[in-house]
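With compact mmCIF, C-alpha atoms inside, this is upload-v5.txt:
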```
# COMPACT_ATOMS: atom_id res chain seq x y z
CA MET A 1 0.00 0.00 0.00
CA LYS A 2 1.32 3.44 -0.98
CA TYR A 3 1.63 6.15 1.73
CA ALA A 4 1.19 9.92 1.53
CA GLN A 5 1.40 12.50 4.29
CA VAL A 6 -1.14 14.59 2.35
CA ALA A 7 -3.08 13.17 -0.60
CA ILE A 8 -4.50 15.80 -2.95
CA ILE A 9 -7.21 14.52 -5.27
CA GLY A 10 -7.27 16.70 -8.36
CA GLY A 11 -4.30 18.23 -10.16
CA GLY A 12 -5.90 21.47 -11.33
CA PRO A 13 -5.03 24.96 -10.06
CA ALA A 14 -6.40 24.36 -6.54
CA GLY A 15 -4.69 20.98 -6.12
CA LEU A 16 -1.31 22.15 -7.41
CA ALA A 17 -1.40 25.33 -5.31
CA ALA A 18 -2.17 23.25 -2.20
CA ALA A 19 0.68 20.83 -2.96
CA ILE A 20 3.16 23.70 -3.34
CA GLU A 21 2.18 25.20 0.03
CA ILE A 22 2.57 21.84 1.79
CA ALA A 23 5.95 21.25 0.18
CA ARG A 24 7.01 24.79 1.06
CA GLY A 25 6.24 24.00 4.70
CA GLY A 26 8.41 20.87 4.55
CA GLY A 27 5.60 18.35 4.08
CA GLN A 28 5.16 15.54 1.58
CA ALA A 29 2.25 15.92 -0.86
CA THR A 30 0.96 13.43 -3.42
CA VAL A 31 -1.29 14.76 -6.18
CA MET A 32 -3.63 12.25 -7.84
CA ASP A 33 -5.23 13.13 -11.18
CA GLU A 34 -7.11 11.11 -13.79
CA ASN A 35 -5.65 13.06 -16.73
CA HIS A 36 -2.37 12.50 -18.56
CA ARG A 37 -1.17 15.99 -17.63
CA PRO A 38 -1.75 18.08 -14.51
CA GLY A 39 -2.90 21.71 -14.62
CA GLY A 40 -6.62 21.26 -15.22
CA GLN A 41 -8.50 24.13 -16.83
CA LEU A 42 -5.50 26.47 -16.88
CA PHE A 43 -4.15 24.96 -20.08
CA LYS A 44 -7.40 25.78 -21.87
CA GLN A 45 -7.23 29.43 -20.80
CA ILE A 46 -5.34 31.41 -23.42
CA HIS A 47 -6.77 34.74 -22.24
CA LYS A 48 -4.95 37.05 -19.85
CA PHE A 49 -6.08 37.11 -16.24
CA PHE A 50 -7.16 40.47 -14.89
CA GLY A 51 -7.36 42.06 -11.45
CA SER A 52 -4.28 42.83 -9.39
CA HIS A 53 -0.61 41.94 -9.69
CA GLU A 54 -1.15 39.45 -6.83
CA HIS A 55 -3.72 37.66 -9.01
CA GLN A 56 -1.24 37.55 -11.92
CA ALA A 57 -3.11 40.11 -13.98
CA GLY A 58 -1.90 40.18 -17.57
CA VAL A 59 -0.64 36.58 -17.45
CA ARG A 60 -2.31 33.97 -19.62
CA GLY A 61 -3.83 30.95 -17.91
CA TYR A 62 -1.58 28.37 -19.58
CA ALA A 63 1.51 30.33 -18.45
CA ILE A 64 0.24 30.18 -14.85
CA GLY A 65 -0.22 26.43 -15.31
CA GLU A 66 3.33 26.05 -16.58
CA GLN A 67 4.66 27.96 -13.56
CA LEU A 68 2.71 25.71 -11.18
CA LEU A 69 4.11 22.59 -12.84
CA LYS A 70 7.62 24.01 -12.59
CA GLU A 71 7.19 24.71 -8.87
CA THR A 72 5.74 21.28 -8.09
CA SER A 73 8.64 19.64 -9.90
CA GLU A 74 11.27 21.75 -8.15
CA MET A 75 9.70 21.05 -4.75
CA GLY A 76 9.55 17.31 -5.25
CA VAL A 77 5.77 16.94 -5.22
CA ASP A 78 4.72 13.38 -6.14
CA VAL A 79 2.25 13.59 -9.05
CA MET A 80 0.31 10.45 -9.99
CA LEU A 81 -1.31 10.81 -13.43
CA ASN A 82 -3.83 8.60 -15.25
CA THR A 83 -5.05 7.74 -11.76
CA SER A 84 -8.78 7.49 -11.05
CA VAL A 85 -9.84 7.72 -7.40
CA TYR A 86 -13.05 5.83 -6.69
CA GLY A 87 -13.43 5.93 -2.90
CA ILE A 88 -12.30 7.19 0.50
CA PHE A 89 -12.55 4.59 3.24
CA ASP A 90 -11.94 4.33 6.99
CA ASN A 91 -8.84 6.05 8.34
CA PHE A 92 -8.25 7.88 5.05
CA LYS A 93 -7.53 4.91 2.85
CA ILE A 94 -7.99 5.99 -0.76
CA GLY A 95 -9.03 3.51 -3.43
CA TYR A 96 -7.74 4.26 -6.90
CA ILE A 97 -7.15 2.64 -10.26
CA GLU A 98 -3.77 2.93 -11.95
CA GLN A 99 -2.77 0.96 -15.04
CA LYS A 100 -6.06 -0.95 -14.83
CA ARG A 101 -5.25 -2.19 -11.29
CA GLU A 102 -7.14 -1.37 -8.10
CA GLN A 103 -4.81 -0.07 -5.41
CA LEU A 104 -4.89 1.65 -2.01
CA LEU A 105 -3.12 4.71 -0.65
CA GLN A 106 -2.96 5.58 3.04
CA ALA A 107 -2.97 9.31 3.81
CA GLU A 108 -2.75 11.35 7.01
CA ARG A 109 -4.68 14.23 5.47
CA ILE A 110 -6.73 14.63 2.29
CA ILE A 111 -7.47 17.69 0.18
CA LEU A 112 -10.28 17.29 -2.34
CA ALA A 113 -9.76 19.53 -5.37
CA ALA A 114 -11.84 17.59 -7.88
CA GLY A 115 -13.26 20.63 -9.68
CA ALA A 116 -16.65 20.74 -11.40
CA SER A 117 -18.50 19.37 -14.42
CA GLU A 118 -20.55 21.23 -17.00
CA ASN A 119 -24.31 21.44 -16.76
CA THR A 120 -26.32 20.68 -19.86
CA LEU A 121 -29.74 21.43 -21.34
CA ALA A 122 -32.44 18.99 -22.41
CA LEU A 123 -33.27 20.18 -25.92
CA PRO A 124 -35.35 18.60 -28.68
CA ASN A 125 -32.77 16.97 -30.99
CA GLY A 126 -30.11 17.89 -28.44
CA THR A 127 -28.26 14.62 -29.03
CA LEU A 128 -27.38 15.50 -32.63
CA PRO A 129 -23.66 15.63 -33.46
CA GLY A 130 -22.58 19.24 -33.06
CA VAL A 131 -24.24 19.88 -29.70
CA MET A 132 -21.56 20.06 -26.99
CA GLY A 133 -20.48 21.75 -23.80
CA ALA A 134 -18.55 25.00 -24.09
CA GLY A 135 -15.71 23.37 -22.18
CA ALA A 136 -15.46 20.65 -24.82
CA ALA A 137 -15.25 23.30 -27.54
CA GLN A 138 -12.56 25.13 -25.55
CA THR A 139 -10.55 21.92 -25.23
CA MET A 140 -10.81 21.32 -28.98
CA ILE A 141 -9.57 24.77 -30.02
CA ASN A 142 -7.03 25.55 -27.29
CA VAL A 143 -5.57 22.10 -26.56
CA HIS A 144 -6.06 20.09 -29.76
CA ARG A 145 -6.21 23.02 -32.23
CA VAL A 146 -9.36 21.72 -33.91
CA LEU A 147 -12.42 23.83 -34.74
CA PRO A 148 -15.65 22.20 -33.47
CA GLY A 149 -17.60 23.94 -36.24
CA ARG A 150 -17.77 26.99 -38.48
CA LYS A 151 -21.10 28.61 -37.51
CA ILE A 152 -21.67 28.44 -33.77
CA ILE A 153 -24.54 29.29 -31.42
CA MET A 154 -23.48 29.83 -27.79
CA VAL A 155 -26.09 29.30 -25.06
CA GLY A 156 -25.29 31.06 -21.78
CA SER A 157 -23.71 34.46 -21.06
CA GLY A 158 -21.75 33.65 -17.92
CA ASN A 159 -18.00 34.10 -18.02
CA VAL A 160 -17.49 30.68 -19.62
CA GLY A 161 -19.92 31.44 -22.45
CA LEU A 162 -18.44 34.89 -23.06
CA ILE A 163 -14.78 33.83 -22.90
CA VAL A 164 -15.20 30.71 -25.03
CA SER A 165 -17.19 32.69 -27.61
CA TYR A 166 -14.31 35.12 -27.98
CA GLN A 167 -11.78 32.29 -28.20
CA LEU A 168 -13.86 30.60 -30.90
CA LEU A 169 -13.74 33.85 -32.86
CA GLN A 170 -9.96 33.96 -32.40
CA ALA A 171 -9.74 30.39 -33.69
CA GLY A 172 -11.56 31.36 -36.90
CA ALA A 173 -15.14 30.32 -36.19
CA ASP A 174 -18.21 32.50 -36.76
CA VAL A 175 -20.22 32.90 -33.54
CA VAL A 176 -23.57 33.81 -35.06
CA ALA A 177 -25.34 34.55 -31.76
CA LEU A 178 -25.05 34.22 -28.00
CA LEU A 179 -28.31 33.38 -26.22
CA GLU A 180 -29.18 34.11 -22.59
CA ALA A 181 -32.49 33.06 -21.00
CA ALA A 182 -32.22 35.67 -18.24
CA PRO A 183 -33.02 39.33 -18.98
CA GLU A 184 -29.40 40.35 -18.37
CA ILE A 185 -25.90 39.07 -19.03
CA GLY A 186 -24.50 36.79 -16.31
CA GLY A 187 -20.73 37.34 -16.70
CA TYR A 188 -18.29 40.21 -16.34
CA GLY A 189 -18.96 43.30 -18.46
CA VAL A 190 -15.37 43.33 -19.73
CA HIS A 191 -15.90 39.95 -21.41
CA ALA A 192 -19.30 40.92 -22.83
CA SER A 193 -17.86 44.15 -24.28
CA LYS A 194 -15.24 42.19 -26.23
CA ILE A 195 -17.99 40.06 -27.76
CA ARG A 196 -20.14 43.05 -28.66
CA ARG A 197 -17.23 44.85 -30.32
CA THR A 198 -16.86 41.93 -32.76
CA GLY A 199 -20.49 42.32 -33.80
CA VAL A 200 -21.82 39.11 -32.22
CA PRO A 201 -25.45 39.68 -31.13
CA ILE A 202 -26.15 38.85 -27.47
CA LEU A 203 -29.84 37.98 -27.26
CA THR A 204 -31.05 38.16 -23.66
CA SER A 205 -34.44 36.65 -22.75
CA HIS A 206 -33.92 34.10 -25.54
CA THR A 207 -33.32 30.37 -25.64
CA ILE A 208 -33.33 27.44 -28.06
CA LYS A 209 -36.73 25.91 -28.69
CA GLU A 210 -35.40 23.15 -30.91
CA VAL A 211 -32.19 22.01 -32.57
CA VAL A 212 -32.74 21.42 -36.29
CA GLY A 213 -30.99 18.77 -38.37
CA LYS A 214 -31.11 15.21 -39.66
CA CYS A 215 -27.66 13.67 -39.18
CA GLN A 216 -26.02 16.71 -37.55
CA VAL A 217 -26.81 20.24 -36.43
CA GLU A 218 -28.07 22.40 -39.29
CA GLY A 219 -29.52 25.24 -37.24
CA VAL A 220 -31.69 26.14 -34.27
CA ILE A 221 -35.12 27.61 -33.66
CA VAL A 222 -34.71 30.45 -31.19
CA VAL A 223 -37.61 31.75 -29.12
CA GLU A 224 -38.02 34.84 -26.95
CA LEU A 225 -38.97 34.50 -23.26
CA ASP A 226 -41.25 36.71 -21.20
CA GLY A 227 -40.72 37.85 -17.61
CA SER A 228 -41.93 34.47 -16.33
CA MET A 229 -39.50 32.57 -18.57
CA ALA A 230 -42.42 31.37 -20.71
CA GLN A 231 -41.95 31.21 -24.47
CA LYS A 232 -43.62 34.04 -26.41
CA PRO A 233 -45.82 32.56 -29.17
CA GLY A 234 -44.89 33.83 -32.61
CA SER A 235 -41.38 34.95 -31.61
CA GLU A 236 -39.65 31.90 -33.11
CA GLN A 237 -36.86 32.44 -35.63
CA PHE A 238 -34.53 30.05 -37.42
CA ILE A 239 -30.76 30.63 -37.21
CA GLU A 240 -28.44 28.57 -39.37
CA ALA A 241 -25.57 26.93 -37.47
CA ASP A 242 -23.53 23.72 -37.48
CA THR A 243 -22.61 23.74 -33.78
CA VAL A 244 -24.39 24.51 -30.51
CA CYS A 245 -22.24 25.15 -27.43
CA ILE A 246 -23.87 24.93 -23.99
CA ALA A 247 -22.50 27.16 -21.21
CA VAL A 248 -25.17 27.06 -18.50
CA GLY A 249 -23.06 26.72 -15.39
CA LEU A 250 -21.00 24.15 -13.54
CA ASN A 251 -21.78 21.61 -10.86
CA PRO A 252 -19.19 20.75 -8.17
CA LEU A 253 -17.80 17.20 -8.41
CA THR A 254 -18.63 16.16 -4.87
CA GLU A 255 -18.98 12.37 -5.10
CA LEU A 256 -15.88 11.64 -3.01
CA ALA A 257 -16.96 14.12 -0.34
CA TRP A 258 -20.33 12.35 -0.10
CA LEU A 259 -18.57 8.98 0.22
CA ALA A 260 -16.31 10.36 2.94
CA GLY A 261 -19.35 11.42 5.02
CA CYS A 262 -19.09 15.22 4.72
CA GLU A 263 -22.09 17.39 5.57
CA PHE A 264 -23.48 19.40 2.66
CA VAL A 265 -25.26 22.70 2.14
CA TYR A 266 -27.33 23.52 -0.94
CA ILE A 267 -26.35 26.96 -2.29
CA PRO A 268 -27.42 27.53 -5.93
CA VAL A 269 -25.06 30.45 -6.59
CA LEU A 270 -22.11 28.16 -5.76
CA GLY A 271 -23.32 25.44 -8.12
CA GLY A 272 -25.61 23.36 -5.90
CA ASN A 273 -24.61 21.00 -3.08
CA VAL A 274 -21.24 21.96 -1.58
CA PRO A 275 -19.40 20.45 1.41
CA ARG A 276 -19.73 22.50 4.58
CA HIS A 277 -16.28 23.81 5.52
CA ASP A 278 -14.64 26.31 7.85
CA THR A 279 -12.25 29.21 7.20
CA ASN A 280 -9.39 26.71 6.89
CA MET A 281 -11.29 24.87 4.10
CA GLU A 282 -11.63 21.88 6.47
CA THR A 283 -14.88 19.93 6.13
CA THR A 284 -16.96 18.36 8.88
CA VAL A 285 -14.71 15.29 8.50
CA LYS A 286 -11.62 16.24 10.48
CA GLY A 287 -8.48 16.14 8.37
CA LEU A 288 -10.40 16.35 5.08
CA TYR A 289 -10.15 19.67 3.23
CA VAL A 290 -11.69 21.06 0.05
CA ALA A 291 -10.46 23.69 -2.41
CA GLY A 292 -11.53 25.10 -5.75
CA ASP A 293 -14.83 24.44 -7.53
CA ILE A 294 -15.74 21.49 -5.31
CA SER A 295 -16.17 24.02 -2.48
CA GLY A 296 -18.28 26.34 -4.66
CA VAL A 297 -17.86 27.31 -8.31
CA GLU A 298 -15.84 30.50 -8.81
CA GLU A 299 -12.88 31.65 -10.93
CA ALA A 300 -9.45 30.08 -11.42
CA SER A 301 -7.86 32.83 -9.30
CA SER A 302 -10.16 31.91 -6.41
CA ALA A 303 -9.34 28.22 -6.85
CA LEU A 304 -5.62 29.00 -6.63
CA ASP A 305 -6.01 30.93 -3.40
CA GLU A 306 -8.36 28.36 -1.86
CA GLY A 307 -5.77 25.71 -2.69
CA ARG A 308 -3.08 27.78 -0.97
CA LEU A 309 -5.34 28.27 2.03
CA ALA A 310 -6.12 24.56 2.34
CA GLY A 311 -2.45 23.70 1.93
CA ILE A 312 -1.31 26.11 4.64
CA ALA A 313 -4.05 24.98 7.05
CA CYS A 314 -3.28 21.33 6.35
CA ALA A 315 0.44 21.91 6.94
CA GLU A 316 -0.39 23.69 10.21
CA SER A 317 -2.47 20.72 11.39
CA LEU A 318 0.57 18.48 10.80
CA GLY A 319 2.80 20.73 12.88
CA LEU A 320 4.74 22.05 9.89
CA TYR A 321 3.83 25.65 10.76
CA SER A 322 3.41 27.27 14.14
CA SER A 323 -0.01 28.81 14.75
CA GLY A 324 1.53 32.30 14.45
CA GLU A 325 3.19 31.55 11.12
CA ALA A 326 0.05 29.93 9.75
CA ARG A 327 -2.17 32.80 10.93
CA GLN A 328 0.00 35.30 9.06
CA LEU A 329 0.08 33.24 5.87
CA LYS A 330 -3.65 32.56 5.91
CA ALA A 331 -4.48 36.23 6.53
CA ALA A 332 -2.60 37.20 3.37
CA VAL A 333 -4.56 34.62 1.34
CA TRP A 334 -7.87 35.77 2.79
CA ASP A 335 -7.06 39.37 1.83
CA ARG A 336 -6.59 38.27 -1.76
CA LEU A 337 -9.77 36.18 -1.75
CA ASP A 338 -11.82 39.04 -0.35
CA SER A 339 -10.48 41.41 -3.01
CA LEU A 340 -11.52 38.92 -5.72
CA ARG A 341 -15.04 38.68 -4.35
CA THR A 342 -16.05 42.25 -5.08
CA GLY A 343 -18.38 43.81 -7.61
CA PRO A 344 -21.87 42.53 -8.43
CA PHE A 345 -20.63 39.20 -9.80
CA GLY A 346 -18.09 38.43 -7.08
CA GLN A 347 -20.17 39.81 -4.23
CA LYS A 348 -22.88 37.19 -4.75
CA ARG A 349 -20.30 34.47 -4.25
CA LYS A 350 -18.73 36.21 -1.28
CA ASP A 351 -22.14 36.46 0.40
CA ALA A 352 -22.78 32.78 -0.31
CA LYS A 353 -19.34 31.75 0.96
CA ASP A 354 -19.74 33.87 4.10
CA LYS A 355 -23.08 32.19 4.77
CA LEU A 356 -21.61 28.75 4.18
CA ILE A 357 -18.50 29.28 6.34
CA SER A 358 -19.52 31.56 9.16
CA THR A 359 -23.10 30.64 9.97
CA GLY A 360 -23.62 27.40 8.07
CA GLU A 361 -27.14 28.46 7.10
CA GLY A 362 -28.83 26.54 4.31
CA SER A 363 -30.48 23.25 3.61
CA VAL A 364 -28.20 20.64 5.14
CA LEU A 365 -28.64 17.26 3.46
```

structure tokens encoding of this file:
Amino acid sequence: MKYAQVAIIGGGPAGLAAAIEIARGGGQATVMDENHRPGGQLFKQIHKFFGSHEHQAGVRGYAIGEQLLKETSEMGVDVMLNTSVYGIFDNFKIGYIEQKREQLLQAERIILAAGASENTLALPNGTLPGVMGAGAAQTMINVHRVLPGRKIIMVGSGNVGLIVSYQLLQAGADVVALLEAAPEIGGYGVHASKIRRTGVPILTSHTIKEVVGKCQVEGVIVVELDGSMAQKPGSEQFIEADTVCIAVGLNPLTELAWLAGCEFVYIPVLGGNVPRHDTNMETTVKGLYVAGDISGVEEASSALDEGRLAGIACAESLGLYSSGEARQLKAAVWDRLDSLRTGPFGQKRKDAKDKLISTGEGSVL
């Protein structure tokens, strides 16, 4: 049986940031990830981050990913790739599959940084080839350098929908329209402005009534919605397209937290059911921490800082930091997190996080 002082499940930005903090404190971290390369979503993000210098404003996501990989390598972090974790058992035994063999790893502490999965929409003819998640389209263009289609309809105006639409334009596709069921755009204004400047129409209070096509997507029937989200009769229009990208939010990947016995709170703005945790990112299962989208869907910058926070707190619990050292380090991370959670978009998540962490209000399942 393999041993790890701290096992980190998920090798995206949160998991790698946590591993670096543990190694920096003198601990031994093992990162487990099902993919062939660590870094998660960062290597799909060709756009520059914005915000402050502390949040690496002006640096492209993939460059941040490369820096994280460099640091984990230099610090001797053990990274297990092509490794699928399927369970957490008594006394922090982790069941995983590597090279088609079931194996066990014994850990003293665990940090769950499993990320999130894309939501989808149930649409008539929505199983036709050409209907896909926006994340899949982003992987195709930014990782594999393949266009998913030429004439694309994007559904959803959150940051994912806006950013991926712009990246599709950069890759040479024609984004013929961006649809949003709500009466207003859901993402940052800076991303929406970039889309508008290219001439892409953003149709709020609109959705897809039906995907049209025989063997693949040939277009969509778009319908306008009223204030009650009901379809307005007679407002239907056909838009030619060969691809439909769905960007209607993310759902935290919480299966392992459920199996481990964590308590949950249902908070829609954070993506649904999220593990209850404290200001150290520690769940109701002592020694089990969460970081990144599994603790509530936010941005990559937030995931990085939550990973750092979980790593520092985890290292403190192992005696690698004194309480004074840890308090100082954690305060700096919290300052950065609070500065990220400002403005109308970020404030909603800050309010939800504050409710989750400080008072624990919500529907506990």

Fewer than 6 positions away in the same chain doesn't count, so skip those; otherwise give me all residues within 12 Å of A:Leu162, counting only C-alpha atoms, as a PDB file with C-alpha atoms, in the frame of the given file.
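Result file follows (result-v7.pdb):
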```pdb
ATOM      1  CA  HIS A  47      -6.770  34.740 -22.240  1.00  0.00           C
ATOM      2  CA  ALA A 134     -18.550  25.000 -24.090  1.00  0.00           C
ATOM      3  CA  GLY A 135     -15.710  23.370 -22.180  1.00  0.00           C
ATOM      4  CA  GLN A 138     -12.560  25.130 -25.550  1.00  0.00           C
ATOM      5  CA  ILE A 153     -24.540  29.290 -31.420  1.00  0.00           C
ATOM      6  CA  MET A 154     -23.480  29.830 -27.790  1.00  0.00           C
ATOM      7  CA  VAL A 155     -26.090  29.300 -25.060  1.00  0.00           C
ATOM      8  CA  GLY A 156     -25.290  31.060 -21.780  1.00  0.00           C
ATOM      9  CA  LEU A 168     -13.860  30.600 -30.900  1.00  0.00           C
ATOM     10  CA  LEU A 169     -13.740  33.850 -32.860  1.00  0.00           C
ATOM     11  CA  VAL A 175     -20.220  32.900 -33.540  1.00  0.00           C
ATOM     12  CA  ALA A 177     -25.340  34.550 -31.760  1.00  0.00           C
ATOM     13  CA  LEU A 178     -25.050  34.220 -28.000  1.00  0.00           C
ATOM     14  CA  LEU A 179     -28.310  33.380 -26.220  1.00  0.00           C
ATOM     15  CA  GLU A 180     -29.180  34.110 -22.590  1.00  0.00           C
ATOM     16  CA  ILE A 185     -25.900  39.070 -19.030  1.00  0.00           C
ATOM     17  CA  GLY A 186     -24.500  36.790 -16.310  1.00  0.00           C
ATOM     18  CA  GLY A 187     -20.730  37.340 -16.700  1.00  0.00           C
ATOM     19  CA  TYR A 188     -18.290  40.210 -16.340  1.00  0.00           C
ATOM     20  CA  GLY A 189     -18.960  43.300 -18.460  1.00  0.00           C
ATOM     21  CA  VAL A 190     -15.370  43.330 -19.730  1.00  0.00           C
ATOM     22  CA  HIS A 191     -15.900  39.950 -21.410  1.00  0.00           C
ATOM     23  CA  ALA A 192     -19.300  40.920 -22.830  1.00  0.00           C
ATOM     24  CA  SER A 193     -17.860  44.150 -24.280  1.00  0.00           C
ATOM     25  CA  LYS A 194     -15.240  42.190 -26.230  1.00  0.00           C
ATOM     26  CA  ILE A 195     -17.990  40.060 -27.760  1.00  0.00           C
ATOM     27  CA  ARG A 196     -20.140  43.050 -28.660  1.00  0.00           C
ATOM     28  CA  VAL A 200     -21.820  39.110 -32.220  1.00  0.00           C
ATOM     29  CA  PRO A 201     -25.450  39.680 -31.130  1.00  0.00           C
ATOM     30  CA  ILE A 202     -26.150  38.850 -27.470  1.00  0.00           C
ATOM     31  CA  CYS A 245     -22.240  25.150 -27.430  1.00  0.00           C
ATOM     32  CA  ILE A 246     -23.870  24.930 -23.990  1.00  0.00           C
ATOM     33  CA  ALA A 247     -22.500  27.160 -21.210  1.00  0.00           C
ATOM     34  CA  VAL A 248     -25.170  27.060 -18.500  1.00  0.00           C
TER      35      VAL A 248
END
```

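Between atom CA of A:Ser157 and atom CA of A:Gly249 lies a distance of 9.6 Å.
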
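Between A:Ile94 and the residues A:Leu256, A:Ser117, A:Ser205, A:Gln45, the shortest atom-to-atom distance, using all atoms listed in the file, involves A:Leu256.
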
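Proximity to A:Asn159 was assessed for A:Gly272, A:Asn82, A:Ile208, A:Ala300 counting all atoms listed in the file; the smallest distance is recorded for A:Ala300.
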
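Shortest separation to A:Lys44 among A:Asn273, A:Thr139, A:Gly12, A:Met132 occurs at residue A:Thr139, atoms counted being only C-alpha atoms.
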
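Between atom CA of A:Met1 and atom CA of A:Gly292 the separation is 28.2 Å.
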
Per-residue nearest contacts of stretch 49-167 of chain A to stretch 26-38 of chain A (12 Å; all atoms listed in the file) as a tab-separated table:
```
residue	atom	partner	partner_atom	distance
A:Tyr62	CA	A:Pro38	CA	11.5
A:Gly65	CA	A:Pro38	CA	8.5
A:Glu66	CA	A:Pro38	CA	9.7
A:Gln67	CA	A:Pro38	CA	11.8
A:Leu68	CA	A:Pro38	CA	9.4
A:Leu69	CA	A:Pro38	CA	7.6
A:Lys70	CA	A:Pro38	CA	11.3
A:Thr72	CA	A:Ala29	CA	9.7
A:Ser73	CA	A:Pro38	CA	11.5
A:Met75	CA	A:Gly26	CA	9.4
A:Gly76	CA	A:Gln28	CA	8.3
A:Val77	CA	A:Ala29	CA	5.7
A:Asp78	CA	A:Thr30	CA	4.6
A:Val79	CA	A:Val31	CA	4.7
A:Met80	CA	A:Met32	CA	4.8
A:Leu81	CA	A:Asp33	CA	5.1
A:Asn82	CA	A:Glu34	CA	4.4
A:Thr83	CA	A:Glu34	CA	4.4
A:Ser84	CA	A:Glu34	CA	4.8
A:Val85	CA	A:Met32	CA	7.7
A:Tyr86	CA	A:Glu34	CA	10.7
A:Ile94	CA	A:Met32	CA	10.4
A:Gly95	CA	A:Met32	CA	11.2
A:Tyr96	CA	A:Met32	CA	9.0
A:Ile97	CA	A:Glu34	CA	9.2
A:Glu98	CA	A:Glu34	CA	9.0
A:Gln99	CA	A:Glu34	CA	11.1
A:Leu105	CA	A:Thr30	CA	10.0
A:Gln106	CA	A:Thr30	CA	10.9
A:Ala107	CA	A:Thr30	CA	9.2
A:Glu108	CA	A:Ala29	CA	10.4
A:Arg109	CA	A:Ala29	CA	9.5
A:Ile110	CA	A:Ala29	CA	9.6
A:Ile111	CA	A:Val31	CA	9.3
A:Leu112	CA	A:Met32	CA	10.0
A:Ala113	CA	A:Val31	CA	9.8
A:Ala114	CA	A:Asp33	CA	8.6
A:Gly115	CA	A:Asp33	CA	11.1
A:Val143	CA	A:Arg37	CA	11.7
```

Give me a file of those residues, with C-alpha atoms, as a tab-separated table (two decimals), in the coordinates of the input.
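Resulting contents of result-v1.tsv:
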```
chain	number	residue	atom	x	y	z
A	62	TYR	CA	-1.58	28.37	-19.58
A	65	GLY	CA	-0.22	26.43	-15.31
A	66	GLU	CA	3.33	26.05	-16.58
A	67	GLN	CA	4.66	27.96	-13.56
A	68	LEU	CA	2.71	25.71	-11.18
A	69	LEU	CA	4.11	22.59	-12.84
A	70	LYS	CA	7.62	24.01	-12.59
A	72	THR	CA	5.74	21.28	-8.09
A	73	SER	CA	8.64	19.64	-9.90
A	75	MET	CA	9.70	21.05	-4.75
A	76	GLY	CA	9.55	17.31	-5.25
A	77	VAL	CA	5.77	16.94	-5.22
A	78	ASP	CA	4.72	13.38	-6.14
A	79	VAL	CA	2.25	13.59	-9.05
A	80	MET	CA	0.31	10.45	-9.99
A	81	LEU	CA	-1.31	10.81	-13.43
A	82	ASN	CA	-3.83	8.60	-15.25
A	83	THR	CA	-5.05	7.74	-11.76
A	84	SER	CA	-8.78	7.49	-11.05
A	85	VAL	CA	-9.84	7.72	-7.40
A	86	TYR	CA	-13.05	5.83	-6.69
A	94	ILE	CA	-7.99	5.99	-0.76
A	95	GLY	CA	-9.03	3.51	-3.43
A	96	TYR	CA	-7.74	4.26	-6.90
A	97	ILE	CA	-7.15	2.64	-10.26
A	98	GLU	CA	-3.77	2.93	-11.95
A	99	GLN	CA	-2.77	0.96	-15.04
A	105	LEU	CA	-3.12	4.71	-0.65
A	106	GLN	CA	-2.96	5.58	3.04
A	107	ALA	CA	-2.97	9.31	3.81
A	108	GLU	CA	-2.75	11.35	7.01
A	109	ARG	CA	-4.68	14.23	5.47
A	110	ILE	CA	-6.73	14.63	2.29
A	111	ILE	CA	-7.47	17.69	0.18
A	112	LEU	CA	-10.28	17.29	-2.34
A	113	ALA	CA	-9.76	19.53	-5.37
A	114	ALA	CA	-11.84	17.59	-7.88
A	115	GLY	CA	-13.26	20.63	-9.68
A	143	VAL	CA	-5.57	22.10	-26.56
```

Practice problem: Find the spatial neighbours of A:Pro148, counting only C-alpha atoms, within a cut-off of 8 Å - ignore same-chain residues fewer than 5 positions away - and output them as a VMD selection string. | Solution: chain A and resid 130 137 140 to 141 243

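One distance worth recording is that between atom CA of A:Gly234 and atom CA of A:Ile152, which is 23.9 Å.
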
Exercise. Please provide the set of residues having any atom within 7 Å of A:Ile20, restricted to all atoms listed in the file, with same-chain residues fewer than 3 positions apart removed, written as an NGL selection string.
Key: :A and (16-17 or 23-24 or 71-72)

Test item: residues at most 12 Å from A:Glu325, only C-alpha atoms, excluding those fewer than 5 positions along its chain, as a PDB file with C-alpha atoms, keeping the file's coordinate frame:
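The result, written out as part_35.pdb:
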```
ATOM      1  CA  GLY A  25       6.240  24.000   4.700  1.00  0.00           C
ATOM      2  CA  ILE A 312      -1.310  26.110   4.640  1.00  0.00           C
ATOM      3  CA  ALA A 313      -4.050  24.980   7.050  1.00  0.00           C
ATOM      4  CA  ALA A 315       0.440  21.910   6.940  1.00  0.00           C
ATOM      5  CA  GLU A 316      -0.390  23.690  10.210  1.00  0.00           C
ATOM      6  CA  GLY A 319       2.800  20.730  12.880  1.00  0.00           C
ATOM      7  CA  LEU A 320       4.740  22.050   9.890  1.00  0.00           C
ATOM      8  CA  LYS A 330      -3.650  32.560   5.910  1.00  0.00           C
ATOM      9  CA  ALA A 331      -4.480  36.230   6.530  1.00  0.00           C
ATOM     10  CA  ALA A 332      -2.600  37.200   3.370  1.00  0.00           C
TER      11      ALA A 332
END
```

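Each of A:Leu147, A:Val160, A:Asp242, A:Ser301 was checked against A:Gly133 using all atoms listed in the file; the smallest atom-to-atom distance is that of A:Val160.
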
Quiz item: Taking (-12.2, 36.9, -8.5) in the file's coordinates, which residues come within 8 Å, counting only C-alpha atoms, written as a ChimeraX atom specification?
Solution: /A:51,298-302,337,339-342,346

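For the residues A:Ile221, A:Leu309, A:Leu42, A:Val176, ranking by smallest atom-to-atom distance to A:Arg60 using only C-alpha atoms places A:Leu42 first.
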